[in-house]
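The data block below is run_5.txt; it holds compact mmCIF, C-alpha atoms and all ligand atoms.
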# COMPACT_ATOMS: atom_id res chain seq x y z
CA MET C 1 -29.75 -17.69 26.22
CA ILE C 2 -29.60 -14.04 25.10
CA VAL C 3 -26.97 -11.76 26.60
CA THR C 4 -27.23 -8.04 26.00
CA ASP C 5 -24.91 -5.08 26.55
CA LYS C 6 -25.60 -1.69 28.15
CA PHE C 7 -27.43 -0.53 24.98
CA GLY C 8 -29.48 -3.73 24.63
CA ARG C 9 -27.38 -5.15 21.78
CA PRO C 10 -27.36 -8.97 21.88
CA LEU C 11 -24.18 -11.02 21.58
CA GLN C 12 -24.68 -12.76 18.24
CA ASP C 13 -21.51 -13.24 16.33
CA LEU C 14 -17.89 -13.93 16.95
CA ARG C 15 -14.70 -13.39 14.99
CA ILE C 16 -11.72 -15.46 15.93
CA SER C 17 -8.24 -14.58 14.76
CA VAL C 18 -6.18 -17.74 14.40
CA THR C 19 -2.81 -16.07 13.74
CA ASP C 20 -1.35 -12.57 13.66
CA ARG C 21 1.07 -13.48 10.83
CA CYS C 22 0.55 -12.70 7.17
CA ASN C 23 2.31 -13.18 3.85
CA PHE C 24 1.08 -9.73 2.70
CA ARG C 25 1.99 -6.28 3.89
CA CYS C 26 -1.07 -4.30 2.83
CA THR C 27 -0.29 -0.60 3.23
CA TYR C 28 -3.58 0.03 5.05
CA CYS C 29 -3.16 -2.87 7.50
CA MET C 30 0.46 -4.00 7.99
CA PRO C 31 2.68 -1.33 6.45
CA LYS C 32 6.00 -2.94 5.58
CA GLU C 33 7.97 -0.12 7.24
CA ILE C 34 6.54 -1.25 10.61
CA PHE C 35 5.86 -4.96 10.05
CA GLY C 36 9.37 -5.74 8.83
CA ARG C 37 11.46 -8.87 9.13
CA ASP C 38 12.13 -8.23 12.82
CA TYR C 39 8.53 -7.61 13.81
CA PRO C 40 7.81 -9.61 16.98
CA PHE C 41 4.81 -11.74 16.02
CA LEU C 42 3.26 -13.92 18.71
CA PRO C 43 5.21 -17.04 19.61
CA LYS C 44 3.37 -20.30 18.95
CA ASN C 45 2.66 -20.99 22.61
CA ASP C 46 0.92 -17.63 22.93
CA LEU C 47 -1.66 -18.57 20.30
CA LEU C 48 -4.84 -20.22 21.52
CA SER C 49 -4.72 -23.92 20.71
CA PHE C 50 -7.54 -25.46 18.64
CA GLU C 51 -8.89 -27.10 21.82
CA GLU C 52 -8.96 -23.71 23.58
CA ILE C 53 -10.69 -22.07 20.61
CA GLU C 54 -13.26 -24.88 20.52
CA ARG C 55 -13.95 -24.51 24.24
CA LEU C 56 -14.47 -20.77 23.94
CA ALA C 57 -16.61 -21.19 20.83
CA LYS C 58 -18.90 -23.59 22.67
CA ALA C 59 -19.31 -21.12 25.52
CA PHE C 60 -20.17 -18.31 23.09
CA VAL C 61 -22.69 -20.50 21.26
CA GLN C 62 -24.42 -21.26 24.58
CA LEU C 63 -24.77 -17.50 25.02
CA GLY C 64 -26.49 -16.98 21.66
CA VAL C 65 -23.71 -16.79 19.08
CA LYS C 66 -24.85 -18.34 15.80
CA LYS C 67 -22.06 -17.28 13.45
CA ILE C 68 -18.32 -17.60 13.72
CA ARG C 69 -15.83 -16.15 11.25
CA LEU C 70 -12.18 -17.14 11.27
CA THR C 71 -9.65 -14.49 10.40
CA GLY C 72 -6.10 -13.31 11.08
CA GLY C 73 -3.39 -12.18 10.02
CA GLU C 74 -3.78 -14.64 7.23
CA PRO C 75 -5.84 -17.54 8.62
CA LEU C 76 -4.77 -20.01 5.93
CA LEU C 77 -1.23 -19.77 7.30
CA ARG C 78 -2.36 -21.45 10.54
CA ARG C 79 -1.28 -25.07 10.32
CA ASN C 80 -4.04 -27.67 10.05
CA LEU C 81 -6.81 -25.07 9.92
CA PRO C 82 -9.34 -27.58 8.50
CA ASP C 83 -9.00 -29.53 11.79
CA LEU C 84 -10.25 -26.49 13.68
CA ILE C 85 -13.12 -26.00 11.24
CA GLY C 86 -14.02 -29.66 11.74
CA LYS C 87 -14.19 -29.16 15.51
CA LEU C 88 -16.32 -26.01 15.21
CA SER C 89 -18.68 -27.37 12.59
CA VAL C 90 -20.11 -29.99 14.94
CA ILE C 91 -20.96 -27.52 17.73
CA ASP C 92 -24.66 -27.80 18.39
CA GLY C 93 -26.43 -24.50 17.70
CA LEU C 94 -23.68 -22.95 15.58
CA GLU C 95 -25.31 -22.18 12.24
CA ASP C 96 -22.56 -20.67 10.18
CA ILE C 97 -18.79 -20.72 9.85
CA GLY C 98 -17.03 -18.26 7.55
CA LEU C 99 -13.46 -17.29 6.78
CA THR C 100 -11.77 -14.09 5.61
CA THR C 101 -8.61 -14.60 3.57
CA ASN C 102 -6.27 -13.04 1.04
CA ALA C 103 -6.77 -16.30 -0.91
CA THR C 104 -3.16 -16.89 -1.86
CA LEU C 105 -3.44 -20.45 -0.49
CA LEU C 106 -7.10 -20.90 -1.31
CA GLU C 107 -6.84 -22.85 -4.55
CA LYS C 108 -4.85 -25.50 -2.71
CA MET C 109 -6.95 -25.57 0.44
CA ALA C 110 -10.53 -24.86 -0.67
CA SER C 111 -11.69 -28.48 -0.86
CA ASP C 112 -10.26 -29.42 2.55
CA LEU C 113 -11.87 -26.35 4.10
CA LYS C 114 -15.25 -27.14 2.59
CA ASP C 115 -15.05 -30.82 3.54
CA ALA C 116 -14.32 -29.76 7.11
CA GLY C 117 -17.56 -27.73 7.25
CA LEU C 118 -16.72 -24.24 6.00
CA LYS C 119 -19.69 -22.58 4.28
CA ARG C 120 -18.64 -19.11 3.30
CA ILE C 121 -15.51 -17.29 2.37
CA ASN C 122 -14.66 -13.60 2.02
CA VAL C 123 -11.69 -12.94 -0.20
CA SER C 124 -9.84 -9.66 0.09
CA LEU C 125 -8.73 -8.24 -3.25
CA ASP C 126 -8.03 -4.55 -3.79
CA ALA C 127 -7.07 -4.46 -7.47
CA LEU C 128 -7.14 -6.57 -10.63
CA ASP C 129 -4.11 -4.87 -12.12
CA ASN C 130 -1.09 -6.90 -11.07
CA GLN C 131 1.31 -4.04 -10.62
CA LEU C 132 -1.11 -2.08 -8.50
CA PHE C 133 -2.06 -5.17 -6.49
CA GLN C 134 1.58 -5.87 -5.69
CA SER C 135 2.31 -2.26 -4.83
CA ILE C 136 -0.53 -2.35 -2.29
CA ASN C 137 0.47 -5.58 -0.55
CA ASP C 138 4.20 -5.94 -1.32
CA SER C 139 3.80 -9.71 -1.75
CA GLY C 140 5.14 -10.33 -5.24
CA ILE C 141 2.11 -12.59 -5.74
CA ASN C 142 0.02 -12.28 -8.91
CA THR C 143 -3.70 -11.52 -8.86
CA GLU C 144 -4.06 -14.65 -11.03
CA LYS C 145 -3.36 -16.77 -7.99
CA VAL C 146 -6.09 -15.07 -5.97
CA LEU C 147 -8.52 -15.32 -8.88
CA ARG C 148 -7.81 -19.03 -9.26
CA GLY C 149 -8.56 -19.42 -5.53
CA ILE C 150 -11.88 -17.61 -5.99
CA ASP C 151 -12.82 -19.76 -9.00
CA LYS C 152 -11.99 -22.93 -7.13
CA ALA C 153 -14.07 -21.91 -4.13
CA VAL C 154 -17.05 -21.03 -6.34
CA GLU C 155 -16.66 -24.27 -8.29
CA ILE C 156 -16.85 -26.46 -5.18
CA GLY C 157 -19.89 -24.61 -3.84
CA LEU C 158 -18.54 -22.26 -1.18
CA GLU C 159 -20.42 -18.97 -0.99
CA VAL C 160 -17.85 -16.36 -2.02
CA LYS C 161 -17.78 -12.61 -1.51
CA VAL C 162 -14.93 -10.32 -2.48
CA ASN C 163 -13.91 -7.41 -0.23
CA MET C 164 -12.07 -4.39 -1.61
CA VAL C 165 -10.69 -1.71 0.69
CA VAL C 166 -10.84 1.60 -1.16
CA LYS C 167 -8.36 4.28 -0.18
CA LYS C 168 -7.79 7.64 -1.83
CA GLY C 169 -4.63 7.65 -3.92
CA MET C 170 -4.31 3.87 -3.62
CA ASN C 171 -6.85 2.11 -5.82
CA GLU C 172 -9.85 4.28 -6.74
CA VAL C 173 -9.06 3.57 -10.42
CA GLU C 174 -10.13 -0.02 -9.76
CA ILE C 175 -13.64 0.77 -8.47
CA VAL C 176 -15.38 0.28 -11.82
CA PRO C 177 -13.11 -2.45 -13.29
CA MET C 178 -13.64 -4.57 -10.16
CA ALA C 179 -17.43 -4.08 -10.39
CA ARG C 180 -17.47 -5.11 -14.06
CA PHE C 181 -15.30 -8.15 -13.45
CA PHE C 182 -17.23 -9.56 -10.49
CA LYS C 183 -20.64 -8.67 -11.93
CA ASP C 184 -19.73 -10.83 -14.94
CA LYS C 185 -18.71 -13.64 -12.62
CA GLY C 186 -21.90 -13.29 -10.54
CA VAL C 187 -19.81 -12.83 -7.37
CA THR C 188 -20.75 -10.23 -4.74
CA LEU C 189 -18.20 -7.43 -4.42
CA ARG C 190 -18.15 -5.28 -1.30
CA TYR C 191 -16.37 -1.96 -1.04
CA ILE C 192 -14.89 -1.24 2.38
CA GLU C 193 -14.18 2.30 3.52
CA PHE C 194 -10.60 2.74 4.72
CA MET C 195 -10.69 2.66 8.53
CA ASP C 196 -8.56 4.10 11.33
CA VAL C 197 -7.87 0.73 12.94
CA GLY C 198 -4.56 0.41 14.78
CA LYS C 199 -1.83 2.98 15.04
CA THR C 200 0.34 2.33 12.01
CA ASN C 201 -1.62 2.89 8.81
CA GLY C 202 -1.48 6.71 8.60
CA TRP C 203 -5.27 7.08 8.46
CA ASP C 204 -7.01 10.41 8.19
CA PHE C 205 -10.42 11.48 6.89
CA SER C 206 -8.94 12.85 3.66
CA LYS C 207 -7.87 9.34 2.59
CA VAL C 208 -11.38 7.89 2.91
CA ILE C 209 -13.49 7.36 -0.20
CA THR C 210 -17.06 7.12 1.02
CA LYS C 211 -19.85 4.82 -0.03
CA LYS C 212 -21.60 7.83 -1.59
CA GLN C 213 -18.60 8.61 -3.81
CA ILE C 214 -18.23 4.97 -4.86
CA PHE C 215 -21.96 4.63 -5.47
CA ASN C 216 -21.97 7.73 -7.68
CA GLU C 217 -19.12 6.37 -9.72
CA LEU C 218 -20.83 3.00 -10.16
CA SER C 219 -24.11 4.69 -11.09
CA ARG C 220 -22.54 6.15 -14.23
CA GLU C 221 -22.24 2.63 -15.63
CA PHE C 222 -24.66 0.40 -13.71
CA GLU C 223 -28.24 0.57 -12.52
CA LEU C 224 -28.49 -0.49 -8.89
CA GLU C 225 -31.45 -1.15 -6.61
CA PRO C 226 -31.26 -1.46 -2.81
CA ILE C 227 -31.89 -4.79 -1.05
CA ASP C 228 -33.27 -5.00 2.47
CA PRO C 229 -30.92 -6.40 5.10
CA ASP C 230 -31.28 -10.13 5.78
CA TYR C 231 -31.05 -9.65 9.53
CA ILE C 232 -30.61 -6.95 12.17
CA GLY C 233 -26.93 -6.19 12.49
CA GLU C 234 -26.04 -6.96 8.88
CA VAL C 235 -23.01 -4.82 8.29
CA ALA C 236 -23.06 -4.30 4.51
CA LYS C 237 -25.48 -1.98 2.71
CA ARG C 238 -26.59 -4.20 -0.15
CA TYR C 239 -27.64 -3.44 -3.74
CA ARG C 240 -28.44 -5.50 -6.81
CA TYR C 241 -27.51 -4.81 -10.41
CA ILE C 242 -31.00 -4.37 -11.87
CA GLY C 243 -32.02 -7.32 -14.04
CA THR C 244 -29.54 -9.70 -12.41
CA ASP C 245 -29.17 -11.67 -9.16
CA THR C 246 -25.72 -10.27 -8.57
CA GLU C 247 -25.16 -8.03 -5.58
CA VAL C 248 -22.75 -5.29 -4.67
CA GLY C 249 -22.29 -3.99 -1.12
CA PHE C 250 -20.70 -1.27 0.94
CA ILE C 251 -19.18 -1.39 4.39
CA THR C 252 -19.61 2.15 5.58
CA SER C 253 -17.78 2.09 8.88
CA VAL C 254 -16.69 5.71 8.50
CA SER C 255 -19.44 7.54 6.59
CA GLU C 256 -22.51 5.73 8.00
CA SER C 257 -21.53 3.98 11.20
CA PHE C 258 -23.56 1.04 12.46
CA CYS C 259 -22.65 0.75 16.16
CA SER C 260 -26.29 0.70 17.24
CA THR C 261 -26.68 -2.78 15.71
CA CYS C 262 -23.18 -4.11 16.42
CA THR C 263 -23.53 -7.58 17.94
CA ARG C 264 -19.97 -8.82 17.43
CA ALA C 265 -17.28 -9.98 19.81
CA ARG C 266 -13.71 -10.57 18.67
CA ILE C 267 -11.06 -12.91 19.99
CA ALA C 268 -7.48 -12.09 19.01
CA ALA C 269 -4.93 -14.78 18.22
CA ASP C 270 -3.57 -14.65 21.78
CA GLY C 271 -6.98 -15.23 23.32
CA LYS C 272 -7.84 -11.65 24.32
CA LEU C 273 -11.48 -10.77 23.90
CA TYR C 274 -12.40 -7.35 22.50
CA THR C 275 -15.89 -5.93 22.34
CA CYS C 276 -14.98 -3.35 19.66
CA LEU C 277 -12.63 -3.21 16.68
CA PHE C 278 -11.24 0.06 18.00
CA ALA C 279 -10.62 -1.09 21.56
CA SER C 280 -7.29 -0.72 23.29
CA LYS C 281 -7.77 -3.30 26.03
CA GLY C 282 -9.01 -6.86 25.92
CA PHE C 283 -9.79 -9.56 28.47
CA ASP C 284 -7.26 -12.41 28.55
CA PHE C 285 -9.20 -15.65 28.06
CA LYS C 286 -6.03 -17.62 27.38
CA GLU C 287 -4.85 -16.89 30.89
CA LEU C 288 -8.27 -17.71 32.30
CA LEU C 289 -8.52 -21.02 30.42
CA ARG C 290 -4.97 -22.01 31.32
CA SER C 291 -5.61 -21.25 35.01
CA GLY C 292 -7.83 -24.33 35.11
CA VAL C 293 -11.30 -22.77 35.56
CA ASN C 294 -14.43 -24.71 34.64
CA ASP C 295 -16.83 -23.82 31.80
CA ASP C 296 -19.28 -22.04 34.11
CA GLU C 297 -16.57 -19.59 35.09
CA VAL C 298 -15.77 -18.94 31.44
CA ILE C 299 -19.42 -18.29 30.66
CA LYS C 300 -19.82 -16.02 33.69
CA GLN C 301 -16.86 -13.97 32.52
CA ILE C 302 -18.20 -13.56 28.98
CA ILE C 303 -21.59 -12.46 30.33
CA ALA C 304 -19.99 -9.92 32.67
CA LEU C 305 -17.89 -8.44 29.87
CA TRP C 306 -20.79 -8.22 27.42
CA ASN C 307 -23.21 -6.84 30.02
CA ASN C 308 -20.77 -3.98 30.66
CA ARG C 309 -20.16 -3.16 27.02
CA THR C 310 -20.70 0.47 25.99
CA ASP C 311 -18.62 0.61 22.77
CA ARG C 312 -19.71 2.86 19.94
CA TYR C 313 -16.43 4.18 18.58
CA SER C 314 -17.50 4.76 14.98
CA ASP C 315 -20.62 6.68 16.01
CA GLU C 316 -18.41 9.09 17.93
CA ARG C 317 -15.37 9.24 15.62
CA THR C 318 -13.78 12.66 15.18
CA GLU C 319 -10.49 13.75 13.65
CA GLU C 320 -9.29 14.10 17.26
CA SER C 321 -10.38 10.62 18.47
CA ALA C 322 -8.83 9.06 15.36
CA LYS C 323 -5.49 10.54 16.42
CA ASN C 324 -5.54 8.64 19.71
CA LYS C 325 -3.12 5.88 18.81
CA ASP C 326 -3.81 3.52 21.69
CA ARG C 327 -5.62 0.97 19.51
CA ILE C 328 -5.11 -2.65 18.56
CA GLU C 329 -3.87 -3.49 15.05
CA MET C 330 -6.18 -4.94 12.39
CA SER C 331 -3.77 -7.80 11.66
CA TYR C 332 -3.97 -8.81 15.34
CA ILE C 333 -7.73 -8.58 15.77
CA GLY C 334 -8.68 -9.66 12.26
CA GLY C 335 -11.21 -7.10 11.00
N1 LIG G 1 -5.67 -11.59 5.87
C1 LIG G 1 -7.06 -11.77 5.69
C2 LIG G 1 -7.58 -10.87 4.63
O1 LIG G 1 -6.94 -9.88 4.28
O2 LIG G 1 -8.68 -11.16 4.16
C3 LIG G 1 -7.88 -11.64 6.97
C4 LIG G 1 -7.52 -10.56 7.92
S1 LIG G 1 -7.76 -8.90 7.35
C5 LIG G 1 -7.22 -7.97 8.74
C6 LIG G 1 -9.53 -8.76 7.41
C7 LIG G 1 -10.13 -7.67 6.56
O3 LIG G 1 -9.77 -6.41 7.08
C8 LIG G 1 -9.70 -7.67 5.10
O4 LIG G 1 -10.84 -7.68 4.27
C9 LIG G 1 -8.95 -6.36 4.96
O5 LIG G 1 -9.06 -5.82 3.68
C10 LIG G 1 -9.63 -5.51 6.01
N2 LIG G 1 -8.83 -4.36 6.45
C11 LIG G 1 -7.58 -4.38 6.94
N3 LIG G 1 -7.17 -3.14 7.27
C12 LIG G 1 -8.20 -2.30 6.98
C13 LIG G 1 -8.42 -0.90 7.11
N4 LIG G 1 -7.48 -0.09 7.59
N5 LIG G 1 -9.60 -0.40 6.73
C14 LIG G 1 -10.57 -1.21 6.24
N6 LIG G 1 -10.45 -2.54 6.11
C15 LIG G 1 -9.27 -3.08 6.47
FE1 LIG G 2 -2.53 -9.47 5.66
FE2 LIG G 2 -5.13 -9.32 5.47
FE3 LIG G 2 -3.78 -7.38 6.67
FE4 LIG G 2 -3.53 -7.63 4.07
S1 LIG G 2 -5.41 -7.13 5.18
S2 LIG G 2 -1.85 -7.38 5.52
S3 LIG G 2 -3.73 -9.81 3.80
S4 LIG G 2 -3.96 -9.43 7.39
FE1 LIG G 3 -18.99 -2.32 16.63
FE2 LIG G 3 -16.99 -0.86 17.65
FE3 LIG G 3 -17.35 -0.98 14.99
FE4 LIG G 3 -19.08 0.37 16.51
S1 LIG G 3 -16.95 0.86 16.20
S2 LIG G 3 -19.60 -1.07 14.84
S3 LIG G 3 -19.11 -0.89 18.38
S4 LIG G 3 -16.81 -2.68 16.35

Once you've parsed the file, please lay out its structure as structure tokens.
Amino acid sequence: MIVTDKFGRPLQDLRISVTDRCNFRCTYCMPKEIFGRDYPFLPKNDLLSFEEIERLAKAFVQLGVKKIRLTGGEPLLRRNLPDLIGKLSVIDGLEDIGLTTNATLLEKMASDLKDAGLKRINVSLDALDNQLFQSINDSGINTEKVLRGIDKAVEIGLEVKVNMVVKKGMNEVEIVPMARFFKDKGVTLRYIEFMDVGKTNGWDFSKVITKKQIFNELSREFELEPIDPDYIGEVAKRYRYIGTDTEVGFITSVSESFCSTCTRARIAADGKLYTCLFASKGFDFKELLRSGVNDDEVIKQIIALWNNRTDRYSDERTEESAKNKDRIEMSYIGG
């Protein structure tokens, strides 16, 4: 069944946040001044259980969702995550399960995740230089650990992409070193423009480094050719290093928005459904599920929400709209 929104965009993919907690405090996502020791993360009982996630996932797949990505907070901190992946991987009609992670626990967990049915993994890494890396995420963890996680995932046959958020004054010096490093490894690197998600990361236009600026910098050292998107709604603008099979991509949420092809729903760790990354209000599916409704009611509710969707925040972003701070946090909704 195909369900479309007010602009005709089909519901095709789903991100599920499995926890709002993280062992990093990336300045652009969970600044340590706000997400300190006393920050009130969700209590365990407020998280969707694996059974509840599975039930929702099945409903979404019936409505046309083919891809699910698990995220967080840091998803690998959710206990027994491979059990959830095992439950999702046998859903009839679901073609792809991915995961986005900071990879600090990946070396240890990669094989269990793959055995459970995970196919693809996106690792977030913003710098190779250890000191810079630690100053961005305040974790005290070495990049070596992340790189070992990436190597392990590649070695066991997971498809790996690396995501790097680029922010002015934070890590632009790493644009070319990261490209060199991952080109040599044959791993796709994707540059993400710094976004105004949430209300805590001090975003403004002047801190954004655009795809065009990054591309120009790369072009001084590498020859790149564009690649056509694999499917409608593919978020990254993809290129190939000429003469190789290795790709590099750009997620241009700020400089070239892609709302017209946005087919993604997001479920936060507490079961609220959001139809846009920049939303302020979500629909509480945890409450609905725990009220004892049957699956038809759940499906009816998803259809009603998607049919009424009119989101196109990035298409309309202005300095003024970005100042409206009534928005959910990235660590809660999961990117
Ligand atoms: N903890 C995991 C990780 O970092 O991969 C998963 C959750 S994280 C919220 C998902 C993605 O959002 C990461 O790739 C992260 O770099 C990205 N992200 C977080 N805040 C961002 C921002 N303000 N602008 C752009 N990307 C951001
Ligand atoms: Fe944690 Fe990921 Fe946010 Fe960094 S981007 S603070 S790793 S949730
Ligand atoms: Fe989709 Fe909202 Fe992002 Fe536009 S701003 S691409 S509607 S999530």

10 Å from ligand LIG 2 (chain G) is the threshold here; counting only C-alpha atoms and all ligand atoms, which polymer residues fall inside it? Answer as a VMD selection string. chain C and resid 17 19 to 32 35 71 to 75 100 to 104 123 to 126 136 to 139 164 to 165 329 to 335

Go through the chains and note each residue within 6 Å of ligand LIG 3 (chain G), using only C-alpha atoms and all ligand atoms, then give the set as a ChimeraX atom specification. /C:258-259,262,276-278,311-314

Mind pulling up the distance from CA of Leu88 in chain C to atom O1 of ligand LIG 1 (chain G)? 21.6 Å

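Those residues positioned at most 6 Å from (-19.8, -7.3, 24.7) are Asp5, Thr275, Leu305, Trp306 and Arg309 of chain C, judged using only C-alpha atoms.
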
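Going from atom C6 of ligand LIG 1 (chain G) to CA of Asp228 in chain C covers 24.5 Å.
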
Proximity to Lys323 in chain C - best of C:Asp204, C:Glu223, C:Asp245, C:Asp270, all atoms listed in the file: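 Smallest distance to Lys323 in chain C is found for C:Asp204.
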
Considering all atoms listed in the file, can you say which of C:Gly149, C:Glu54, C:Glu107, C:Phe7 comes closest to Ile85 in chain C?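 Smallest separation from Ile85 in chain C among the options: C:Glu54.
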
Restricting the calculation to all atoms listed in the file: of C:Ile150, C:Leu118, C:Val162, C:Ile97, which residue gets closest to ligand LIG 1 (chain G)?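 Among the listed residues, C:Val162 lies closest to ligand LIG 1 (chain G).
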
Contacts of Gln62 in chain C at 12 Å or less, counting all atoms listed in the file, minus same-chain residues fewer than 2 places along, as a PyMOL selection string? chain C and resi 1-3+11-13+55-60+64-66+91-94+295-296+298-300+302-303

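Taking CA of Gly98 in chain C and CA of Ile121 in chain C as endpoints, the distance between them is 5.5 Å.
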
For range 185-201 of chain C, list every protein, DNA or RNA residue within 7 Å, evaluated using only C-alpha atoms, and leave out those in the same chain fewer than 4 positions away; present the list as a PyMOL selection string. chain C and resi 27-29+31+160-167+179+181+208-210+246-254+278+322+325-330

Selected residue, from C:Leu273, C:Val235, C:Leu113, C:Val293, that lies nearest to Ile156 in chain C when counting all atoms listed in the file: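 Ranking C:Leu273, C:Val235, C:Leu113, C:Val293 by distance to Ile156 in chain C, first place goes to C:Leu113.
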
Taking into account all atoms listed in the file, which residue in the set C:Ile53, C:Ile267, C:Leu158, C:Val18 is nearest to ligand LIG 1 (chain G)?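 The answer is C:Val18, which sits nearest to ligand LIG 1 (chain G).
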
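With all atoms listed in the file as the basis for measurement, C:Leu105 is the residue among C:Leu42, C:Ile227, C:Val154, C:Leu105 that approaches ligand LIG 1 (chain G) most closely.
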
Using the block above, I'd like range 129-175 of chain C written out, keeping C-alpha atoms and formatting it as a PDB file, in the first residue's frame.
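Output file result-v2.pdb follows:
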ATOM      1  CA  ASP C 129      43.294  14.285  14.597  1.00  0.00           C
ATOM      2  CA  ASN C 130      42.800  12.981  18.114  1.00  0.00           C
ATOM      3  CA  GLN C 131      42.970  16.275  19.916  1.00  0.00           C
ATOM      4  CA  LEU C 132      40.487  17.903  17.589  1.00  0.00           C
ATOM      5  CA  PHE C 133      38.200  14.863  17.707  1.00  0.00           C
ATOM      6  CA  GLN C 134      38.129  14.956  21.496  1.00  0.00           C
ATOM      7  CA  SER C 135      37.595  18.699  21.613  1.00  0.00           C
ATOM      8  CA  ILE C 136      34.521  18.267  19.395  1.00  0.00           C
ATOM      9  CA  ASN C 137      32.892  15.452  21.359  1.00  0.00           C
ATOM     10  CA  ASP C 138      34.383  15.765  24.857  1.00  0.00           C
ATOM     11  CA  SER C 139      34.565  11.967  25.174  1.00  0.00           C
ATOM     12  CA  GLY C 140      38.220  11.327  25.924  1.00  0.00           C
ATOM     13  CA  ILE C 141      37.994   8.485  23.387  1.00  0.00           C
ATOM     14  CA  ASN C 142      40.684   8.115  20.708  1.00  0.00           C
ATOM     15  CA  THR C 143      39.904   8.141  16.998  1.00  0.00           C
ATOM     16  CA  GLU C 144      41.816   4.831  16.876  1.00  0.00           C
ATOM     17  CA  LYS C 145      38.900   3.153  18.575  1.00  0.00           C
ATOM     18  CA  VAL C 146      36.435   4.454  15.991  1.00  0.00           C
ATOM     19  CA  LEU C 147      38.771   3.490  13.148  1.00  0.00           C
ATOM     20  CA  ARG C 148      39.127  -0.028  14.529  1.00  0.00           C
ATOM     21  CA  GLY C 149      35.314  -0.246  14.609  1.00  0.00           C
ATOM     22  CA  ILE C 150      35.157   0.841  10.962  1.00  0.00           C
ATOM     23  CA  ASP C 151      37.821  -1.691   9.922  1.00  0.00           C
ATOM     24  CA  LYS C 152      36.026  -4.475  11.738  1.00  0.00           C
ATOM     25  CA  ALA C 153      32.707  -3.625  10.104  1.00  0.00           C
ATOM     26  CA  VAL C 154      34.299  -3.535   6.636  1.00  0.00           C
ATOM     27  CA  GLU C 155      36.140  -6.786   7.307  1.00  0.00           C
ATOM     28  CA  ILE C 156      32.966  -8.704   8.175  1.00  0.00           C
ATOM     29  CA  GLY C 157      31.115  -7.373   5.131  1.00  0.00           C
ATOM     30  CA  LEU C 158      28.897  -4.593   6.454  1.00  0.00           C
ATOM     31  CA  GLU C 159      28.468  -1.731   4.004  1.00  0.00           C
ATOM     32  CA  VAL C 160      30.114   1.239   5.727  1.00  0.00           C
ATOM     33  CA  LYS C 161      29.791   4.963   5.122  1.00  0.00           C
ATOM     34  CA  VAL C 162      31.421   7.674   7.195  1.00  0.00           C
ATOM     35  CA  ASN C 163      29.554  10.899   7.995  1.00  0.00           C
ATOM     36  CA  MET C 164      31.408  14.090   8.876  1.00  0.00           C
ATOM     37  CA  VAL C 165      29.560  17.177  10.088  1.00  0.00           C
ATOM     38  CA  VAL C 166      31.478  20.228   8.905  1.00  0.00           C
ATOM     39  CA  LYS C 167      31.151  23.407  10.913  1.00  0.00           C
ATOM     40  CA  LYS C 168      33.022  26.661  10.453  1.00  0.00           C
ATOM     41  CA  GLY C 169      35.712  27.111  13.083  1.00  0.00           C
ATOM     42  CA  MET C 170      35.323  23.507  14.223  1.00  0.00           C
ATOM     43  CA  ASN C 171      36.879  21.102  11.731  1.00  0.00           C
ATOM     44  CA  GLU C 172      37.258  22.565   8.232  1.00  0.00           C
ATOM     45  CA  VAL C 173      40.984  21.719   8.433  1.00  0.00           C
ATOM     46  CA  GLU C 174      39.963  18.052   8.270  1.00  0.00           C
ATOM     47  CA  ILE C 175      38.017  18.258   4.990  1.00  0.00           C
TER      48      ILE C 175
END
